[in-house]
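K.L.:
The structure's right below; bear with me while I get my questions together.
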Amino acid sequence: MNKSVAEAVHVRGLQVRRGATEVFTGLDLDIPRGQITGLLGPSGCGKTTLMRSIVGVQRVAGGTVEVLGEPAGSRPLRHRVSYDTQAASVYADLTIHQNLRYFARLLRAPRSDVDRVIDEVGLTDQRNQTIGSLSGGQENRVSLAVAMLGDPELLVLDEPTVGLDPLLRNELWKLFRQLADKGATIIVSSHVMDEALRCDRLILMRAGRIIADTTPERLLSDTGTDDPDAAFLALIERDAAAPPDGTDDDRPHTRREARESGKAGS
Amino acid sequence: MNGVRTLATAGRVLRQLSHDPRSIALMLIAPSLLVGLFAWLFSDQEGVFDQFGGPILALFPFIVMFLITSITTLRERRSGTLERLMTTPLGKADFILGYGLAFGLMATLQAVITVTFAVLVCGLEVEGPVWQLGLVAVVDAILGTALGLLASAFARTEFQAVQFMPLIVFPQIILGGLFMPREDMPDALYAISNWLPLSYAIDTINAVTAGDEGWDVFGPLLIVVAFAVGSLILASLTLRRRTP
């Protein structure tokens with residue numbers, strides 16, 4: 001049997017260039033099905049580029065990315081994979097309900113899905129408010145709700161809990177766990193280290209490389225600490241002391257920087 | 001291509017507009033105000049408005065729709081929603097056609113209002129049927145929409161999108177036959193004007209105001225339609241699921 005069918009994501013030799021920057025020079029990665037995989041690393045390490053490659057909107061220079069046994073971004077996957085971008089990608093001038101109705105119609109998801117996902121992200125009372133009138137955290141939750149429409153098999157979530165209070169973060173992580181228990185695969189990026197402990201598996205990235213592919217328990221025991229922040233720092237320092245190929249880690253231009261400086265961050 | 005997704009997209013674009021009544025008012029009324037200003041300007045000179053009023057009807061819907069479309073779609077590119085749409089089953093042609101339909105509908109409303117205003121209020125006199133004038137205005141507005149969709153593919157910021165107007169729209173106005181009959185232009189410019197869609201729109205308008213019939217009216221109009229369809233096809237081809 002083809003091994004990659006058993007995996008949600010199968011990446012071999014991935015190369016991505018953005019402008020003059022080499023983001024990935026031959027990245028290998030496997031992500032199993034039915035688990036929550038956390039993608040962690042300092043800003044600019046390539047988390048978003050990796051996620052974009054998995055959902056098939058990143059132009060790649062080489063290598064293969066297979067998702068659920070199909071080439072990333074291919075037509076059959078567009079019903080099965082959902083993507084929540086880092087900046088809330090919803091229509092600011094529509095209401096919550098109108099946003100979800102539109103995406104549900106594109107996915108041919110049942111109408112009942114719209115109310116279900118609005119309820120799941122806790123925005124039922126605001127459903128008829130326009131996105132522009134919401135707080136940043138609420139806007140992010142609408143964007144997350146779109147990614148949960150139509151029961152996708154793989155959810156790729158780029159920092160879905162940014163800007164949320166601890167209570168809401170806790171609620172959303174419970175929701176991710178429920179989705180995974182029902183068989184969905186979730187890839188979630190974060191730079192909040194205490195969230196790392198709620199994942200089944202952790203991929204730690206730095207400067208376009210995977211420096212650790214581990215579990216929360218192993219991360220803590222390997223580094224001899226019980227604090228995820230300290231464990232992460234220890235790994236980064238270990239990697240910085242002995243980089244395998246001497247690549248320099250100066251990533252001058254992240255998508256976030258590009259967006260916030262007002263230039264096109266495509 | 002998929003009818004349901006195209007219509008869903010057109011509906012969504014119109015719903016976005018409905019949250020912005022001021023834009024709708026500007027879109028529908030601004031061309032009439034400009035036509036009125038033009039009529040007033042020449043009110044003491046007999047026959048001038050009848051000569052220039054028609055071509056002006058072709059210009060304003062074209063310019064307004066070009067600007068609106070290029071900025072709206074650019075906003076979609078920059079807000080991340082286009083990237084998200086490209087991960088859904090929405091086809092590229094569905095996206096472009098959805099926008100084309102939504103703005104085409106607005107363009108039709110705009111054309112009906114502007115032509116009615118020009119004829120009833122400003123007293124524009126045409127030899128041919130008035131509905132043909134309306135038809136040209138609609139086709140022109142759709143051409144503006146189509147070119148706007150195409151132009152937005154080459155603009156990375158709103159600022160650039162606005163700069164495309166002098167680049168794409170103004171030469172067509174200058175060489176379109178409004179300021180000088182195209183036949184009287186230097187040969188090179190006449191040859192260039194033959195490749196610009198707005199020239200054929202103005203030819204059509206002039207044919208309608210002169211009371212020409214048949215092929216004299218619909219020949220050039222078909223060329224404008226062909227340019228609009230061609231731009232829509234090009235626009236959906238320049239849309240990329242994968243970006244750098």
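Labels used: A, B, ... for chains in the order of the structure tokens, numbers from 1 for residues in each chain, and numbers from 1 for ligands as shown.
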Set the cut-off to 7 Å and count only C-alpha atoms: what are the residues of chain A that reach chain B? Output as an mmCIF file with N, CA and C atoms, in the first residue's frame.
P.N.:
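Written output follows (iface37.cif):
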```
data_model
loop_
_atom_site.group_PDB
_atom_site.id
_atom_site.type_symbol
_atom_site.label_atom_id
_atom_site.label_comp_id
_atom_site.auth_asym_id
_atom_site.auth_seq_id
_atom_site.Cartn_x
_atom_site.Cartn_y
_atom_site.Cartn_z
ATOM 1 N N ARG A 18 10.953 32.844 -2.147
ATOM 2 C CA ARG A 18 10.108 34.034 -2.172
ATOM 3 C C ARG A 18 11.019 35.224 -2.423
ATOM 4 N N VAL A 55 -1.908 23.679 1.481
ATOM 5 C CA VAL A 55 -3.237 23.918 0.886
ATOM 6 C C VAL A 55 -3.138 24.231 -0.602
ATOM 7 N N GLY A 56 -1.905 24.372 -1.124
ATOM 8 C CA GLY A 56 -1.741 24.504 -2.574
ATOM 9 C C GLY A 56 -1.916 25.901 -3.113
ATOM 10 N N VAL A 57 -1.644 26.940 -2.325
ATOM 11 C CA VAL A 57 -1.667 28.291 -2.886
ATOM 12 C C VAL A 57 -0.258 28.891 -2.955
ATOM 13 N N GLN A 58 0.735 28.123 -2.527
ATOM 14 C CA GLN A 58 2.112 28.608 -2.571
ATOM 15 C C GLN A 58 2.775 28.112 -3.855
ATOM 16 N N ARG A 59 3.398 29.006 -4.585
ATOM 17 C CA ARG A 59 4.166 28.577 -5.748
ATOM 18 C C ARG A 59 5.436 27.905 -5.239
ATOM 19 N N GLY A 73 -3.464 20.950 -3.365
ATOM 20 C CA GLY A 73 -4.164 21.968 -4.137
ATOM 21 C C GLY A 73 -4.958 21.423 -5.310
ATOM 22 N N ARG A 78 -10.220 20.332 -2.792
ATOM 23 C CA ARG A 78 -10.778 21.639 -2.423
ATOM 24 C C ARG A 78 -12.055 21.516 -1.602
ATOM 25 N N HIS A 79 -12.642 20.305 -1.579
ATOM 26 C CA HIS A 79 -13.762 20.056 -0.665
ATOM 27 C C HIS A 79 -13.270 19.501 0.662
ATOM 28 N N TYR A 83 -8.688 26.037 4.927
ATOM 29 C CA TYR A 83 -7.524 26.858 5.275
ATOM 30 C C TYR A 83 -7.997 28.131 5.937
ATOM 31 N N SER A 89 -9.554 36.182 6.886
ATOM 32 C CA SER A 89 -9.914 36.385 5.486
ATOM 33 C C SER A 89 -11.413 36.194 5.319
ATOM 34 N N VAL A 90 -12.140 37.226 5.709
ATOM 35 C CA VAL A 90 -13.590 37.272 5.520
ATOM 36 C C VAL A 90 -13.922 38.669 4.998
ATOM 37 N N ASP A 93 -17.377 43.916 4.965
ATOM 38 C CA ASP A 93 -18.637 44.642 4.807
ATOM 39 C C ASP A 93 -19.859 43.732 4.812
ATOM 40 N N LEU A 94 -19.664 42.434 5.068
ATOM 41 C CA LEU A 94 -20.810 41.529 5.190
ATOM 42 C C LEU A 94 -21.011 41.153 6.654
ATOM 43 N N TYR A 102 -22.118 32.512 2.167
ATOM 44 C CA TYR A 102 -21.414 32.516 0.881
ATOM 45 C C TYR A 102 -20.443 31.336 0.786
ATOM 46 N N ARG A 105 -22.172 28.041 0.416
ATOM 47 C CA ARG A 105 -22.699 27.786 -0.933
ATOM 48 C C ARG A 105 -21.586 27.353 -1.878
ATOM 49 N N LEU A 106 -20.396 27.923 -1.721
ATOM 50 C CA LEU A 106 -19.275 27.508 -2.572
ATOM 51 C C LEU A 106 -18.918 26.048 -2.320
ATOM 52 N N LEU A 107 -19.007 25.635 -1.058
ATOM 53 C CA LEU A 107 -18.626 24.265 -0.697
ATOM 54 C C LEU A 107 -19.785 23.296 -0.857
ATOM 55 N N ALA A 264 2.036 44.716 -0.545
ATOM 56 C CA ALA A 264 1.334 43.488 -0.878
ATOM 57 C C ALA A 264 2.078 42.321 -0.275
ATOM 58 N N SER A 266 1.425 39.093 -0.833
ATOM 59 C CA SER A 266 0.866 37.910 -1.481
ATOM 60 C C SER A 266 1.809 36.749 -1.444
#
```
K.L.:
If you count only C-alpha atoms, which residues fall within 8 Å of B:Val64, apart from same-chain ones fewer than 5 positions away, as a ChimeraX atom specification?
P.N.:
/B:27,141,144
K.L.:
Report as an mmCIF file with N, CA and C atoms, in the first residue's frame all protein, DNA and RNA residues lying within 10 Å of A:Val192, evaluated on only C-alpha atoms, omitting residues in the same chain fewer than 2 positions from it.
P.N.:
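In the end it all went to around01.cif:
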```
data_model
loop_
_atom_site.group_PDB
_atom_site.id
_atom_site.type_symbol
_atom_site.label_atom_id
_atom_site.label_comp_id
_atom_site.auth_asym_id
_atom_site.auth_seq_id
_atom_site.Cartn_x
_atom_site.Cartn_y
_atom_site.Cartn_z
ATOM 1 N N LEU A 40 5.322 25.157 15.264
ATOM 2 C CA LEU A 40 5.824 26.224 16.123
ATOM 3 C C LEU A 40 7.154 26.732 15.617
ATOM 4 N N GLY A 41 7.430 27.970 15.950
ATOM 5 C CA GLY A 41 8.715 28.524 15.552
ATOM 6 C C GLY A 41 8.647 30.021 15.544
ATOM 7 N N GLU A 159 -2.393 30.331 13.077
ATOM 8 C CA GLU A 159 -2.554 31.146 14.285
ATOM 9 C C GLU A 159 -4.011 31.526 14.555
ATOM 10 N N THR A 161 -5.772 31.337 17.213
ATOM 11 C CA THR A 161 -6.140 31.815 18.555
ATOM 12 C C THR A 161 -5.454 33.126 18.913
ATOM 13 N N VAL A 162 -4.808 33.750 17.905
ATOM 14 C CA VAL A 162 -4.128 35.015 18.190
ATOM 15 C C VAL A 162 -5.127 36.082 18.634
ATOM 16 N N SER A 189 -0.784 26.443 13.593
ATOM 17 C CA SER A 189 0.460 27.129 13.932
ATOM 18 C C SER A 189 0.198 28.066 15.094
ATOM 19 N N SER A 190 1.230 28.301 15.857
ATOM 20 C CA SER A 190 1.062 29.153 17.027
ATOM 21 C C SER A 190 2.427 29.645 17.441
ATOM 22 N N ASP A 194 2.303 27.686 25.461
ATOM 23 C CA ASP A 194 1.489 26.804 26.312
ATOM 24 C C ASP A 194 0.442 26.055 25.491
ATOM 25 N N GLU A 195 0.160 26.563 24.283
ATOM 26 C CA GLU A 195 -0.756 25.825 23.412
ATOM 27 C C GLU A 195 -0.102 24.563 22.856
ATOM 28 N N ALA A 196 1.222 24.584 22.810
ATOM 29 C CA ALA A 196 1.952 23.441 22.266
ATOM 30 C C ALA A 196 1.601 22.166 23.028
ATOM 31 N N PRO A 228 7.179 24.913 28.658
ATOM 32 C CA PRO A 228 7.304 24.814 27.197
ATOM 33 C C PRO A 228 8.125 25.957 26.586
ATOM 34 N N ASP A 229 8.013 27.144 27.154
ATOM 35 C CA ASP A 229 8.814 28.265 26.645
ATOM 36 C C ASP A 229 10.303 27.969 26.764
#
```
K.L.:
Name all residues at most 6 Å from stretch 23-37 of chain A (count only C-alpha atoms; drop same-chain ones fewer than 2 positions away) and give them as a PyMOL selection string.
P.N.:
chain A and resi 7-17+21+180+183-187+199-202+208
K.L.:
Print the selection's residues with N, CA and C atoms to a file, as a CSV table (one decimal), in the first residue's frame.
P.N.:
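File produced: selection_0.csv:
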```csv
chain,number,residue,atom,x,y,z
A,7,GLU,N,-1.0,8.8,5.5
A,7,GLU,CA,-0.7,10.1,6.1
A,7,GLU,C,-1.6,11.2,5.6
A,8,ALA,N,-1.7,12.2,6.4
A,8,ALA,CA,-2.5,13.4,5.9
A,8,ALA,C,-1.7,14.2,5.0
A,9,VAL,N,-0.4,14.4,5.4
A,9,VAL,CA,0.5,15.3,4.6
A,9,VAL,C,1.8,14.5,4.4
A,10,HIS,N,2.3,14.6,3.2
A,10,HIS,CA,3.5,13.9,2.9
A,10,HIS,C,4.4,14.8,2.0
A,11,VAL,N,5.4,15.4,2.6
A,11,VAL,CA,6.2,16.4,1.9
A,11,VAL,C,7.6,15.8,1.7
A,12,ARG,N,8.1,15.9,0.4
A,12,ARG,CA,9.5,15.4,0.1
A,12,ARG,C,10.2,16.5,-0.7
A,13,GLY,N,11.3,16.9,-0.2
A,13,GLY,CA,12.2,17.8,-1.0
A,13,GLY,C,11.6,19.1,-1.4
A,14,LEU,N,10.8,19.6,-0.5
A,14,LEU,CA,10.1,20.9,-0.8
A,14,LEU,C,11.0,22.1,-0.9
A,15,GLN,N,11.0,22.8,-2.1
A,15,GLN,CA,11.8,24.0,-2.2
A,15,GLN,C,10.9,25.1,-2.5
A,16,VAL,N,11.0,26.2,-1.8
A,16,VAL,CA,10.2,27.4,-2.0
A,16,VAL,C,11.1,28.6,-2.0
A,17,ARG,N,11.0,29.4,-3.0
A,17,ARG,CA,11.7,30.7,-3.0
A,17,ARG,C,10.7,31.8,-3.0
A,21,THR,N,14.8,35.3,-1.3
A,21,THR,CA,15.0,34.5,-0.2
A,21,THR,C,14.6,33.0,-0.5
A,180,ALA,N,-10.8,16.5,16.1
A,180,ALA,CA,-9.8,15.5,15.9
A,180,ALA,C,-10.3,14.1,16.4
A,183,GLY,N,-12.1,12.4,13.9
A,183,GLY,CA,-11.3,11.8,12.8
A,183,GLY,C,-10.6,12.9,11.9
A,184,ALA,N,-10.9,14.2,12.1
A,184,ALA,CA,-10.3,15.2,11.3
A,184,ALA,C,-8.8,15.4,11.7
A,185,THR,N,-8.0,15.8,10.7
A,185,THR,CA,-6.6,16.1,11.0
A,185,THR,C,-6.5,17.6,11.1
A,186,ILE,N,-5.8,18.1,12.1
A,186,ILE,CA,-5.7,19.5,12.2
A,186,ILE,C,-4.2,19.9,12.3
A,187,ILE,N,-3.8,20.9,11.5
A,187,ILE,CA,-2.5,21.5,11.6
A,187,ILE,C,-2.7,22.9,12.0
A,199,CYS,N,-1.2,19.9,21.8
A,199,CYS,CA,-1.1,19.2,20.5
A,199,CYS,C,-0.8,17.7,20.8
A,200,ASP,N,-1.1,16.9,19.8
A,200,ASP,CA,-0.6,15.5,19.8
A,200,ASP,C,0.9,15.4,19.4
A,201,ARG,N,1.2,16.3,18.5
A,201,ARG,CA,2.5,16.2,17.9
A,201,ARG,C,3.0,17.6,17.6
A,202,LEU,N,4.3,17.8,17.7
A,202,LEU,CA,4.9,19.2,17.6
A,202,LEU,C,6.0,19.2,16.5
A,208,GLY,N,13.4,28.0,8.2
A,208,GLY,CA,13.1,27.2,7.0
A,208,GLY,C,13.5,25.7,7.2
```
K.L.:
Give the alpha helix (DSSP H) residues of stretch 28-89 of chain B, as assigned by DSSP on the backbone, as a PyMOL selection string.
P.N.:
chain B and resi 28-41+48-79+81-85
